[in-house]
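One file, model_6.cif, carrying mmCIF, C-alpha atoms:
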```
data_structure
#
loop_
_atom_site.group_PDB
_atom_site.id
_atom_site.type_symbol
_atom_site.label_atom_id
_atom_site.label_comp_id
_atom_site.auth_asym_id
_atom_site.auth_seq_id
_atom_site.Cartn_x
_atom_site.Cartn_y
_atom_site.Cartn_z
ATOM 1 C CA MET A 1489 47.264 -88.383 14.941
ATOM 2 C CA THR A 1490 44.895 -87.447 12.169
ATOM 3 C CA GLN A 1491 45.289 -84.235 10.191
ATOM 4 C CA ASP A 1492 42.121 -82.902 11.854
ATOM 5 C CA GLU A 1493 43.543 -83.590 15.311
ATOM 6 C CA ILE A 1494 46.795 -81.850 14.413
ATOM 7 C CA LEU A 1495 44.961 -78.858 12.973
ATOM 8 C CA ALA A 1496 42.786 -78.597 16.095
ATOM 9 C CA ALA A 1497 45.847 -78.643 18.350
ATOM 10 C CA LEU A 1498 47.567 -76.048 16.152
ATOM 11 C CA LEU A 1499 44.516 -73.800 16.379
ATOM 12 C CA GLU A 1500 44.857 -73.660 20.168
ATOM 13 C CA ILE A 1501 48.603 -73.007 19.924
ATOM 14 C CA PHE A 1502 48.067 -70.225 17.390
ATOM 15 C CA ARG A 1503 45.341 -68.587 19.501
ATOM 16 C CA GLU A 1504 47.566 -68.640 22.567
ATOM 17 C CA THR A 1505 50.730 -67.475 20.761
ATOM 18 C CA PHE A 1506 49.012 -64.598 18.999
ATOM 19 C CA ASP A 1507 46.718 -63.902 21.981
ATOM 20 C CA ASP A 1508 43.777 -63.920 19.608
ATOM 21 C CA GLY A 1509 40.873 -66.242 20.285
ATOM 22 C CA GLY A 1510 39.324 -65.360 16.942
ATOM 23 C CA ILE A 1511 42.021 -66.873 14.755
ATOM 24 C CA GLU A 1512 40.786 -69.498 12.300
ATOM 25 C CA LEU A 1513 43.133 -71.910 10.587
ATOM 26 C CA SER A 1514 43.038 -74.010 7.464
ATOM 27 C CA ARG A 1515 45.722 -75.888 5.596
ATOM 28 C CA THR A 1516 46.149 -72.909 3.267
ATOM 29 C CA THR A 1517 46.682 -70.309 6.020
ATOM 30 C CA THR A 1518 50.012 -68.449 5.627
ATOM 31 C CA ALA A 1519 51.930 -65.880 7.682
ATOM 32 C CA ASP A 1520 50.355 -63.143 5.586
ATOM 33 C CA ASP A 1521 46.891 -64.214 6.782
ATOM 34 C CA VAL A 1522 47.582 -63.792 10.514
ATOM 35 C CA ASP A 1523 47.937 -60.336 12.095
ATOM 36 C CA GLY A 1524 51.082 -59.991 14.170
ATOM 37 C CA TRP A 1525 53.004 -62.880 12.598
ATOM 38 C CA ASP A 1526 56.491 -61.431 12.907
ATOM 39 C CA SER A 1527 59.904 -62.836 13.803
ATOM 40 C CA LEU A 1528 59.139 -62.902 17.542
ATOM 41 C CA THR A 1529 55.781 -64.667 17.249
ATOM 42 C CA HIS A 1530 57.317 -67.007 14.674
ATOM 43 C CA ILE A 1531 60.005 -68.097 17.150
ATOM 44 C CA GLN A 1532 57.378 -68.539 19.873
ATOM 45 C CA LEU A 1533 55.091 -70.450 17.540
ATOM 46 C CA VAL A 1534 57.718 -72.934 16.332
ATOM 47 C CA SER A 1535 58.932 -73.478 19.916
ATOM 48 C CA ALA A 1536 55.361 -74.005 21.144
ATOM 49 C CA VAL A 1537 54.559 -76.459 18.339
ATOM 50 C CA GLU A 1538 57.733 -78.443 18.992
ATOM 51 C CA GLY A 1539 56.988 -78.517 22.717
ATOM 52 C CA HIS A 1540 53.355 -79.543 22.319
ATOM 53 C CA PHE A 1541 53.989 -82.361 19.872
ATOM 54 C CA GLY A 1542 57.322 -83.414 21.378
ATOM 55 C CA VAL A 1543 59.163 -83.047 18.091
ATOM 56 C CA ARG A 1544 62.273 -81.212 16.900
ATOM 57 C CA PHE A 1545 62.030 -79.981 13.333
ATOM 58 C CA LYS A 1546 65.055 -80.053 11.053
ATOM 59 C CA LEU A 1547 66.077 -76.689 9.637
ATOM 60 C CA GLN A 1548 65.489 -77.996 6.128
ATOM 61 C CA GLU A 1549 61.912 -78.796 7.166
ATOM 62 C CA ILE A 1550 60.922 -75.508 8.771
ATOM 63 C CA MET A 1551 62.428 -73.522 5.916
ATOM 64 C CA LYS A 1552 59.890 -75.199 3.633
ATOM 65 C CA PHE A 1553 56.812 -74.332 5.709
ATOM 66 C CA ASN A 1554 54.898 -72.199 3.243
ATOM 67 C CA ASP A 1555 51.524 -72.705 4.894
ATOM 68 C CA VAL A 1556 49.812 -74.469 7.800
ATOM 69 C CA GLY A 1557 49.327 -77.549 5.620
ATOM 70 C CA ASP A 1558 53.099 -77.973 5.315
ATOM 71 C CA LEU A 1559 53.364 -77.704 9.099
ATOM 72 C CA CYS A 1560 50.592 -80.319 9.589
ATOM 73 C CA ASP A 1561 52.261 -82.730 7.197
ATOM 74 C CA CYS A 1562 55.628 -82.394 8.954
ATOM 75 C CA ILE A 1563 54.076 -82.943 12.390
ATOM 76 C CA ALA A 1564 52.243 -86.016 11.049
ATOM 77 C CA LYS A 1565 55.520 -87.404 9.707
ATOM 78 C CA HIS A 1566 57.305 -86.886 13.027
ATOM 79 C CA THR A 1567 54.508 -88.318 15.159
ATOM 80 C CA ALA A 1568 53.648 -91.307 12.970
ATOM 81 C CA MET B 33 89.765 -40.142 -3.949
ATOM 82 C CA ALA B 34 92.684 -42.521 -4.507
ATOM 83 C CA GLU B 35 91.977 -45.688 -6.460
ATOM 84 C CA ALA B 36 92.574 -48.906 -4.485
ATOM 85 C CA PRO B 37 95.191 -51.184 -6.069
ATOM 86 C CA CYS B 38 94.440 -54.724 -7.304
ATOM 87 C CA VAL B 39 90.770 -54.807 -6.266
ATOM 88 C CA ARG B 40 88.730 -57.878 -7.099
ATOM 89 C CA VAL B 41 85.102 -58.415 -6.097
ATOM 90 C CA ARG B 42 84.002 -62.060 -6.021
ATOM 91 C CA PRO B 43 81.326 -64.297 -4.475
ATOM 92 C CA ALA B 44 82.097 -65.350 -0.905
ATOM 93 C CA GLN B 45 83.322 -68.888 -0.248
ATOM 94 C CA PRO B 46 83.128 -71.062 2.898
ATOM 95 C CA ALA B 47 86.784 -70.192 3.549
ATOM 96 C CA ASP B 48 85.690 -66.547 4.011
ATOM 97 C CA ARG B 49 83.544 -67.450 7.021
ATOM 98 C CA GLU B 50 85.675 -65.758 9.694
ATOM 99 C CA PHE B 51 85.941 -62.586 7.632
ATOM 100 C CA LEU B 52 82.175 -62.585 7.067
ATOM 101 C CA ILE B 53 81.625 -62.915 10.830
ATOM 102 C CA GLU B 54 83.870 -59.861 11.251
ATOM 103 C CA ALA B 55 81.765 -58.047 8.640
ATOM 104 C CA ILE B 56 78.469 -58.993 10.309
ATOM 105 C CA LEU B 57 79.673 -57.952 13.773
ATOM 106 C CA GLU B 58 81.127 -54.646 12.607
ATOM 107 C CA ALA B 59 78.033 -53.852 10.562
ATOM 108 C CA GLU B 60 75.891 -54.651 13.621
ATOM 109 C CA LYS B 61 77.958 -52.257 15.710
ATOM 110 C CA SER B 62 77.108 -49.539 13.196
ATOM 111 C CA GLY B 63 80.084 -47.427 14.194
ATOM 112 C CA SER B 64 79.555 -47.991 17.947
ATOM 113 C CA ASP B 65 80.972 -50.602 20.338
ATOM 114 C CA ARG B 66 77.597 -52.316 20.919
ATOM 115 C CA ILE B 67 76.615 -55.600 19.317
ATOM 116 C CA PRO B 68 72.819 -55.881 19.502
ATOM 117 C CA TYR B 69 72.825 -59.692 19.104
ATOM 118 C CA CYS B 70 74.884 -59.992 22.323
ATOM 119 C CA ALA B 71 72.519 -57.829 24.347
ATOM 120 C CA ILE B 72 69.349 -59.371 22.934
ATOM 121 C CA PHE B 73 70.307 -63.035 23.318
ATOM 122 C CA SER B 74 72.571 -62.778 26.392
ATOM 123 C CA LEU B 75 75.651 -63.891 24.476
ATOM 124 C CA ASP B 76 79.253 -62.860 24.882
ATOM 125 C CA GLU B 77 81.168 -62.143 21.680
ATOM 126 C CA ALA B 78 82.777 -65.596 21.559
ATOM 127 C CA GLU B 79 79.371 -67.276 21.883
ATOM 128 C CA LEU B 80 77.957 -65.021 19.192
ATOM 129 C CA ARG B 81 80.836 -65.885 16.848
ATOM 130 C CA THR B 82 80.121 -69.585 17.391
ATOM 131 C CA LEU B 83 76.415 -69.035 16.719
ATOM 132 C CA LEU B 84 77.109 -67.067 13.532
ATOM 133 C CA ALA B 85 79.531 -69.737 12.317
ATOM 134 C CA SER B 86 76.834 -72.404 12.778
ATOM 135 C CA ILE B 87 74.244 -70.313 10.966
ATOM 136 C CA LEU B 88 76.597 -69.373 8.114
ATOM 137 C CA ASP B 89 77.508 -73.031 7.626
ATOM 138 C CA GLU B 90 73.833 -73.775 6.909
ATOM 139 C CA ASP B 91 73.921 -71.175 4.109
ATOM 140 C CA PHE B 92 70.180 -70.502 3.874
ATOM 141 C CA THR B 93 69.620 -67.801 1.297
ATOM 142 C CA GLY B 94 67.115 -64.967 1.579
ATOM 143 C CA GLN B 95 68.584 -63.244 4.640
ATOM 144 C CA GLU B 96 71.851 -61.672 5.707
ATOM 145 C CA LEU B 97 73.472 -64.592 7.574
ATOM 146 C CA CYS B 98 74.309 -66.599 4.477
ATOM 147 C CA ILE B 99 77.741 -67.138 2.930
ATOM 148 C CA SER B 100 76.532 -67.452 -0.655
ATOM 149 C CA GLY B 101 74.663 -64.134 -0.335
ATOM 150 C CA PHE B 102 77.910 -62.222 0.176
ATOM 151 C CA GLN B 103 80.253 -60.574 -2.270
ATOM 152 C CA VAL B 104 83.786 -60.035 -0.985
ATOM 153 C CA ALA B 105 86.234 -57.365 -2.128
ATOM 154 C CA GLU B 106 89.862 -58.431 -2.111
ATOM 155 C CA VAL B 107 92.721 -55.947 -2.125
ATOM 156 C CA ALA B 108 96.069 -57.462 -3.028
ATOM 157 C CA GLY B 109 94.567 -60.907 -2.443
ATOM 158 C CA GLN B 110 93.276 -60.186 1.066
ATOM 159 C CA PRO B 111 89.612 -59.691 2.055
ATOM 160 C CA ALA B 112 88.986 -55.999 2.577
ATOM 161 C CA GLY B 113 85.212 -55.590 2.421
ATOM 162 C CA ALA B 114 81.943 -57.454 2.020
ATOM 163 C CA ALA B 115 78.202 -57.047 1.683
ATOM 164 C CA CYS B 116 75.296 -59.481 1.700
ATOM 165 C CA GLY B 117 72.354 -59.254 -0.655
ATOM 166 C CA TRP B 118 69.169 -61.075 -1.560
ATOM 167 C CA VAL B 119 65.776 -60.571 -3.188
ATOM 168 C CA GLU B 120 63.211 -60.186 -0.431
ATOM 169 C CA GLY B 121 60.808 -63.111 -0.237
ATOM 170 C CA ALA B 122 62.173 -64.794 -3.351
ATOM 171 C CA GLY B 123 62.089 -68.196 -1.653
ATOM 172 C CA GLY B 124 58.485 -67.724 -0.496
ATOM 173 C CA MET B 125 59.365 -66.635 3.061
ATOM 174 C CA ALA B 126 60.130 -63.158 4.425
ATOM 175 C CA SER B 127 63.765 -62.671 5.450
ATOM 176 C CA THR B 128 62.729 -61.981 9.044
ATOM 177 C CA LEU B 129 61.079 -65.412 9.256
ATOM 178 C CA VAL B 130 64.023 -67.219 7.644
ATOM 179 C CA LYS B 131 66.321 -65.630 10.225
ATOM 180 C CA ALA B 132 63.830 -66.383 13.012
ATOM 181 C CA ASN B 133 63.919 -70.058 11.998
ATOM 182 C CA LEU B 134 67.708 -70.059 12.249
ATOM 183 C CA LEU B 135 67.758 -68.367 15.655
ATOM 184 C CA GLN B 136 65.003 -70.633 16.980
ATOM 185 C CA HIS B 137 66.943 -73.662 15.815
ATOM 186 C CA PHE B 138 70.356 -72.731 17.201
ATOM 187 C CA LEU B 139 69.528 -70.896 20.445
ATOM 188 C CA ASP B 140 68.331 -72.709 23.540
ATOM 189 C CA ALA B 141 64.869 -72.129 24.962
ATOM 190 C CA ASP B 142 66.078 -70.124 27.962
ATOM 191 C CA ARG B 143 67.945 -67.605 25.842
ATOM 192 C CA LEU B 144 64.963 -67.246 23.533
ATOM 193 C CA ALA B 145 62.650 -66.686 26.512
ATOM 194 C CA ASP B 146 65.017 -64.072 27.960
ATOM 195 C CA ALA B 147 65.211 -62.361 24.570
ATOM 196 C CA ARG B 148 61.468 -61.922 24.283
ATOM 197 C CA PRO B 149 61.199 -58.478 25.996
ATOM 198 C CA HIS B 150 64.102 -57.189 23.907
ATOM 199 C CA LEU B 151 62.532 -58.469 20.691
ATOM 200 C CA GLU B 152 59.216 -56.874 21.633
ATOM 201 C CA ARG B 153 60.982 -53.531 22.081
ATOM 202 C CA LEU B 154 62.852 -53.936 18.798
ATOM 203 C CA ALA B 155 59.515 -54.115 16.992
ATOM 204 C CA GLN B 156 59.207 -50.374 17.645
ATOM 205 C CA LEU B 157 61.929 -49.810 15.056
ATOM 206 C CA SER B 158 60.805 -52.437 12.583
ATOM 207 C CA LEU B 159 60.956 -51.354 8.944
ATOM 208 C CA GLU B 160 59.333 -53.756 6.515
ATOM 209 C CA ARG B 161 61.339 -54.825 3.504
ATOM 210 C CA GLU B 162 59.446 -54.772 0.222
ATOM 211 C CA PRO B 163 58.817 -58.195 -1.330
ATOM 212 C CA GLY B 164 60.680 -58.464 -4.631
ATOM 213 C CA ALA B 165 63.096 -55.651 -3.792
ATOM 214 C CA ILE B 166 66.831 -56.287 -3.622
ATOM 215 C CA GLN B 167 68.142 -56.048 -0.055
ATOM 216 C CA LEU B 168 71.690 -55.086 0.934
ATOM 217 C CA GLU B 169 72.955 -55.806 4.455
ATOM 218 C CA SER B 170 76.104 -56.326 6.527
ATOM 219 C CA ILE B 171 78.009 -53.833 4.390
ATOM 220 C CA TYR B 172 81.542 -53.524 5.691
ATOM 221 C CA VAL B 173 84.979 -52.309 4.672
ATOM 222 C CA ARG B 174 87.992 -52.824 6.924
ATOM 223 C CA PRO B 175 89.130 -49.510 8.446
ATOM 224 C CA GLY B 176 92.501 -49.521 6.697
ATOM 225 C CA GLN B 177 90.821 -49.920 3.311
ATOM 226 C CA ARG B 178 88.259 -47.125 3.568
ATOM 227 C CA GLY B 179 88.297 -44.115 1.311
ATOM 228 C CA HIS B 180 89.076 -46.073 -1.871
ATOM 229 C CA GLY B 181 85.521 -46.574 -3.129
ATOM 230 C CA LEU B 182 85.288 -50.226 -2.080
ATOM 231 C CA THR B 183 81.716 -49.906 -0.823
ATOM 232 C CA GLY B 184 80.644 -48.746 -4.255
ATOM 233 C CA ARG B 185 82.561 -51.567 -5.972
ATOM 234 C CA ILE B 186 80.979 -54.221 -3.745
ATOM 235 C CA LEU B 187 77.415 -52.885 -3.931
ATOM 236 C CA THR B 188 77.612 -52.383 -7.684
ATOM 237 C CA GLU B 189 78.656 -56.016 -8.101
ATOM 238 C CA GLN B 190 75.936 -57.181 -5.676
ATOM 239 C CA LEU B 191 73.291 -55.324 -7.657
ATOM 240 C CA ARG B 192 74.608 -56.699 -10.949
ATOM 241 C CA VAL B 193 74.536 -60.281 -9.685
ATOM 242 C CA LEU B 194 71.136 -60.006 -7.990
ATOM 243 C CA GLN B 195 69.554 -58.208 -10.945
ATOM 244 C CA THR B 196 70.736 -60.983 -13.220
ATOM 245 C CA GLY B 197 68.625 -63.402 -11.175
ATOM 246 C CA ALA B 198 65.768 -60.933 -10.650
ATOM 247 C CA PRO B 199 65.597 -58.742 -13.764
ATOM 248 C CA HIS B 200 62.207 -57.323 -12.763
ATOM 249 C CA ALA B 201 63.375 -56.000 -9.377
ATOM 250 C CA GLU B 202 62.524 -52.308 -9.332
ATOM 251 C CA LYS B 203 64.439 -51.091 -6.316
ATOM 252 C CA ALA B 204 67.237 -51.819 -3.876
ATOM 253 C CA GLN B 205 66.856 -51.204 -0.144
ATOM 254 C CA ILE B 206 69.265 -50.805 2.778
ATOM 255 C CA ILE B 207 68.253 -50.579 6.448
ATOM 256 C CA LEU B 208 70.672 -48.872 8.823
ATOM 257 C CA MET B 209 70.914 -46.725 11.919
ATOM 258 C CA LYS B 210 70.403 -43.039 11.193
ATOM 259 C CA ASP B 211 73.359 -42.146 13.418
ATOM 260 C CA ASN B 212 75.770 -44.018 11.125
ATOM 261 C CA ASP B 213 76.733 -40.859 9.243
ATOM 262 C CA ARG B 214 79.626 -42.405 7.323
ATOM 263 C CA ALA B 215 77.473 -45.189 5.911
ATOM 264 C CA LEU B 216 74.573 -42.832 5.210
ATOM 265 C CA ARG B 217 76.792 -40.534 3.151
ATOM 266 C CA ALA B 218 78.358 -43.453 1.281
ATOM 267 C CA TYR B 219 74.932 -44.805 0.269
ATOM 268 C CA GLN B 220 73.724 -41.345 -0.743
ATOM 269 C CA LYS B 221 76.708 -41.097 -3.077
ATOM 270 C CA LEU B 222 75.569 -44.360 -4.645
ATOM 271 C CA GLY B 223 72.091 -42.957 -5.318
ATOM 272 C CA PHE B 224 70.204 -44.171 -2.255
ATOM 273 C CA ALA B 225 67.787 -41.837 -0.473
ATOM 274 C CA VAL B 226 65.951 -42.158 2.829
ATOM 275 C CA ALA B 227 62.458 -43.524 2.186
ATOM 276 C CA ARG B 228 61.244 -44.369 5.688
ATOM 277 C CA GLU B 229 62.306 -43.762 9.260
ATOM 278 C CA ARG B 230 61.308 -45.101 12.677
ATOM 279 C CA HIS B 231 62.343 -43.679 16.016
ATOM 280 C CA SER B 232 61.831 -44.709 19.621
ATOM 281 C CA ASP B 233 62.439 -42.849 22.876
ATOM 282 C CA ASP B 234 62.499 -46.140 24.816
ATOM 283 C CA PRO B 235 65.618 -45.948 27.038
ATOM 284 C CA GLU B 236 65.831 -49.754 27.111
ATOM 285 C CA LEU B 237 66.302 -49.768 23.352
ATOM 286 C CA ALA B 238 69.024 -47.163 23.634
ATOM 287 C CA ALA B 239 70.885 -49.566 25.916
ATOM 288 C CA ILE B 240 70.716 -52.397 23.357
ATOM 289 C CA LEU B 241 71.183 -50.700 20.005
ATOM 290 C CA PRO B 242 73.810 -48.363 18.564
ATOM 291 C CA GLY B 243 71.033 -45.807 17.973
ATOM 292 C CA THR B 244 67.326 -45.200 18.434
ATOM 293 C CA THR B 245 66.374 -44.245 14.879
ATOM 294 C CA LYS B 246 66.392 -46.679 11.976
ATOM 295 C CA ILE B 247 66.116 -45.643 8.365
ATOM 296 C CA LEU B 248 65.335 -47.496 5.171
ATOM 297 C CA MET B 249 67.154 -46.145 2.124
ATOM 298 C CA GLU B 250 66.057 -46.944 -1.417
ATOM 299 C CA ARG B 251 67.371 -46.630 -4.922
ATOM 300 C CA ALA B 252 65.450 -47.274 -8.131
ATOM 301 C CA LEU B 253 67.038 -49.889 -10.379
ATOM 302 C CA PRO B 254 67.467 -49.458 -14.132
#
```
Final structure tokens representation of the file:
Amino acid sequence: MTQDEILAALLEIFRETFDDGGIELSRTTTADDVDGWDSLTHIQLVSAVEGHFGVRFKLQEIMKFNDVGDLCDCIAKHTA
Amino acid sequence: MAEAPCVRVRPAQPADREFLIEAILEAEKSGSDRIPYCAIFSLDEAELRTLLASILDEDFTGQELCISGFQVAEVAGQPAGAACGWVEGAGGMASTLVKANLLQHFLDADRLADARPHLERLAQLSLEREPGAIQLESIYVRPGQRGHGLTGRILTEQLRVLQTGAPHAEKAQIILMKDNDRALRAYQKLGFAVARERHSDDPELAAILPGTTKILMERALP
């Protein structure tokens, strides 16, 4: 998958998880940029991303997700 | 107040894991017999102990389920008390998200799905920790060792260690249940004062938690 394809899929997952069709994403988006990004939505988001892409992140990987770009790169690595 | 004999406060080691689990569980109970983790994630106490052991073994800093974040007080060579501490957001991620990553990783999907309504209710009592502020959590002294000033010894050492790594930290924060009178008084003696409070009348929350009012106490740091 290309980075653009991953980002497009993530956009749909984010909009569904946060129940907000107006969310926009870029590689520099962080938790601070999205209203309602708390521990519950974080758990739902990671689970939804893993389910959609059929991957299982390592703890060491998800602890380093500082922005959406880090998430994209990790998905790309797992799905290559 | 009698002085405890032979007290030593030191960083926790992997060998302290079982004692730290005791500290986490007793701190969660907050003076009651309820363990919120069990109710929220449909775990019995043995399952919760196994989960906490797995999480502690990972030792991810920046939240309260982390061996290297603890200081342990020994009395006559035996663990008698402990407290965890960290600088909020120091690793770039809020403590709530670090802990969420750990729970998401170690709990199965069904338990997480069942926990969702409980977690949504818990948000009613959410008190945000201040980025850059020192956080103190899972503060515990074994019943037979109370009344000797151990809480003060442990927290003083935690603050000293954490301030060494974060000299610009301006305050320390503790979140606890308002009903935990003993802890509240102990922290007041150490200079902490209530800064924020959140209450809920939701009866479902009352069934999960040891109380329905959470407070955030703060103390300015020199």
7 Å contacts from chain B to chain A using all atoms listed in the file, as a PyMOL selection string: chain B and resi 124+128-130+132-133+136-137+151
Export C-alpha atoms of the chosen residues as a compact mmCIF listing (two decimals), keeping the file's coordinate frame?
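Resulting contents of part24.txt:
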```txt
# COMPACT_ATOMS: atom_id res chain seq x y z
CA GLY B 124 58.48 -67.72 -0.50
CA THR B 128 62.73 -61.98 9.04
CA LEU B 129 61.08 -65.41 9.26
CA VAL B 130 64.02 -67.22 7.64
CA ALA B 132 63.83 -66.38 13.01
CA ASN B 133 63.92 -70.06 12.00
CA GLN B 136 65.00 -70.63 16.98
CA HIS B 137 66.94 -73.66 15.82
CA LEU B 151 62.53 -58.47 20.69
```
Interatomic distance, atom CA of Gly184 of chain B to atom CA of Pro254 of chain B (Å, one decimal):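 The value is 16.5 Å.
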Residues matched by the PyMOL selection byres ((chain B and resi 56) around 10) as a list of chain:residue names: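 Given this file, the PyMOL selection byres ((chain B and resi 56) around 10) evaluates to B:Glu50, B:Phe51, B:Leu52, B:Ile53, B:Glu54, B:Ala55, B:Leu57, B:Glu58, B:Ala59, B:Glu60, B:Lys61, B:Ser62, B:Ile67, B:Arg81, B:Leu84, B:Glu96, B:Leu97, B:Ala114, B:Ala115, B:Cys116, B:Glu169, B:Ser170, B:Ile171, B:Tyr172.
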Residues selected by the PyMOL selection byres ((chain B and resi 88) around 8), written as an MDAnalysis selection string: chainID B and resid 49 84:87 89:92 97:99
Interatomic distance, atom CA of Leu253 of chain B to atom CA of Lys203 of chain B (Å, one decimal):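 Atom CA of Lys203 of chain B lies at a distance of 5.0 Å from atom CA of Leu253 of chain B.
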Top pick for closest residue to Leu237 of chain B, considering B:Gln103, B:Thr82, B:Gln156, B:Ser64 and counting only C-alpha atoms: B:Gln156
Atom CA of Val193 of chain B to atom CA of Ala108 of chain B, distance in Å rounded to a single decimal: 22.7 Å
Selection result for the PyMOL selection byres ((chain B and resi 226) around 12) on this file, as a ChimeraX atom specification: /B:204-210,216-217,219-220,223-225,227-230,246-251
Within-12 Å shell of (53.5, -69.2, 23.0) in input frame, only C-alpha atoms, as a list in words: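 Checking each residue against the 12 Å limit leaves Leu1498, Glu1500, Ile1501, Phe1502, Arg1503, Glu1504, Thr1505, Phe1506, Asp1507, Asp1508, Leu1528, Thr1529, His1530, Ile1531, Gln1532, Leu1533, Val1534, Ser1535, Ala1536, Val1537, Glu1538, Gly1539 and His1540 of chain A; Ala141, Leu144, Ala145 and Arg148 of chain B.
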Which residue of B:Val119, B:Ala198, B:Ile166, B:Leu139 approaches Leu75 of chain B most closely, using all atoms listed in the file: B:Leu139
Selection near Glu1493 of chain A, 12 Å with all atoms listed in the file, sequence-local residues under 3 positions removed, as a ChimeraX atom specification: /A:1489-1490,1496-1500,1541,1560-1561,1563-1564,1567
Please rebuild segment 1493-1511 of chain A with N, CA and C atoms and return the result as an mmCIF file, keeping the file's coordinate frame.
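Just written: selection.cif:
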```cif
data_model
loop_
_atom_site.group_PDB
_atom_site.id
_atom_site.type_symbol
_atom_site.label_atom_id
_atom_site.label_comp_id
_atom_site.auth_asym_id
_atom_site.auth_seq_id
_atom_site.Cartn_x
_atom_site.Cartn_y
_atom_site.Cartn_z
ATOM 1 N N GLU A 1493 43.082 -83.724 13.925
ATOM 2 C CA GLU A 1493 43.543 -83.590 15.311
ATOM 3 C C GLU A 1493 44.743 -82.640 15.394
ATOM 4 N N ILE A 1494 45.633 -82.748 14.434
ATOM 5 C CA ILE A 1494 46.795 -81.850 14.413
ATOM 6 C C ILE A 1494 46.338 -80.413 14.208
ATOM 7 N N LEU A 1495 45.436 -80.213 13.260
ATOM 8 C CA LEU A 1495 44.961 -78.858 12.973
ATOM 9 C C LEU A 1495 44.250 -78.258 14.189
ATOM 10 N N ALA A 1496 43.492 -79.080 14.903
ATOM 11 C CA ALA A 1496 42.786 -78.597 16.095
ATOM 12 C C ALA A 1496 43.780 -78.189 17.179
ATOM 13 N N ALA A 1497 44.826 -78.995 17.353
ATOM 14 C CA ALA A 1497 45.847 -78.643 18.350
ATOM 15 C C ALA A 1497 46.584 -77.374 17.939
ATOM 16 N N LEU A 1498 46.887 -77.251 16.641
ATOM 17 C CA LEU A 1498 47.567 -76.048 16.152
ATOM 18 C C LEU A 1498 46.716 -74.802 16.370
ATOM 19 N N LEU A 1499 45.404 -74.948 16.194
ATOM 20 C CA LEU A 1499 44.516 -73.800 16.379
ATOM 21 C C LEU A 1499 44.665 -73.244 17.795
ATOM 22 N N GLU A 1500 44.704 -74.116 18.783
ATOM 23 C CA GLU A 1500 44.857 -73.660 20.168
ATOM 24 C C GLU A 1500 46.216 -72.999 20.380
ATOM 25 N N ILE A 1501 47.247 -73.581 19.786
ATOM 26 C CA ILE A 1501 48.603 -73.007 19.924
ATOM 27 C C ILE A 1501 48.660 -71.626 19.268
ATOM 28 N N PHE A 1502 48.079 -71.518 18.087
ATOM 29 C CA PHE A 1502 48.067 -70.225 17.390
ATOM 30 C C PHE A 1502 47.310 -69.184 18.217
ATOM 31 N N ARG A 1503 46.137 -69.557 18.749
ATOM 32 C CA ARG A 1503 45.341 -68.587 19.501
ATOM 33 C C ARG A 1503 46.078 -68.116 20.743
ATOM 34 N N GLU A 1504 46.817 -69.028 21.377
ATOM 35 C CA GLU A 1504 47.566 -68.640 22.567
ATOM 36 C C GLU A 1504 48.778 -67.800 22.187
ATOM 37 N N THR A 1505 49.516 -68.203 21.157
ATOM 38 C CA THR A 1505 50.730 -67.475 20.761
ATOM 39 C C THR A 1505 50.410 -66.053 20.314
ATOM 40 N N PHE A 1506 49.357 -65.920 19.529
ATOM 41 C CA PHE A 1506 49.012 -64.598 18.999
ATOM 42 C C PHE A 1506 48.024 -63.862 19.896
ATOM 43 N N ASP A 1507 47.655 -64.498 21.023
ATOM 44 C CA ASP A 1507 46.718 -63.902 21.981
ATOM 45 C C ASP A 1507 45.459 -63.411 21.267
ATOM 46 N N ASP A 1508 44.943 -64.280 20.418
ATOM 47 C CA ASP A 1508 43.777 -63.920 19.608
ATOM 48 C C ASP A 1508 42.861 -65.139 19.487
ATOM 49 N N GLY A 1509 41.808 -65.120 20.281
ATOM 50 C CA GLY A 1509 40.873 -66.242 20.285
ATOM 51 C C GLY A 1509 40.038 -66.350 19.025
ATOM 52 N N GLY A 1510 40.141 -65.357 18.151
ATOM 53 C CA GLY A 1510 39.324 -65.360 16.942
ATOM 54 C C GLY A 1510 40.027 -65.935 15.726
ATOM 55 N N ILE A 1511 41.276 -66.333 15.900
ATOM 56 C CA ILE A 1511 42.021 -66.873 14.755
ATOM 57 C C ILE A 1511 41.353 -68.147 14.248
#
```
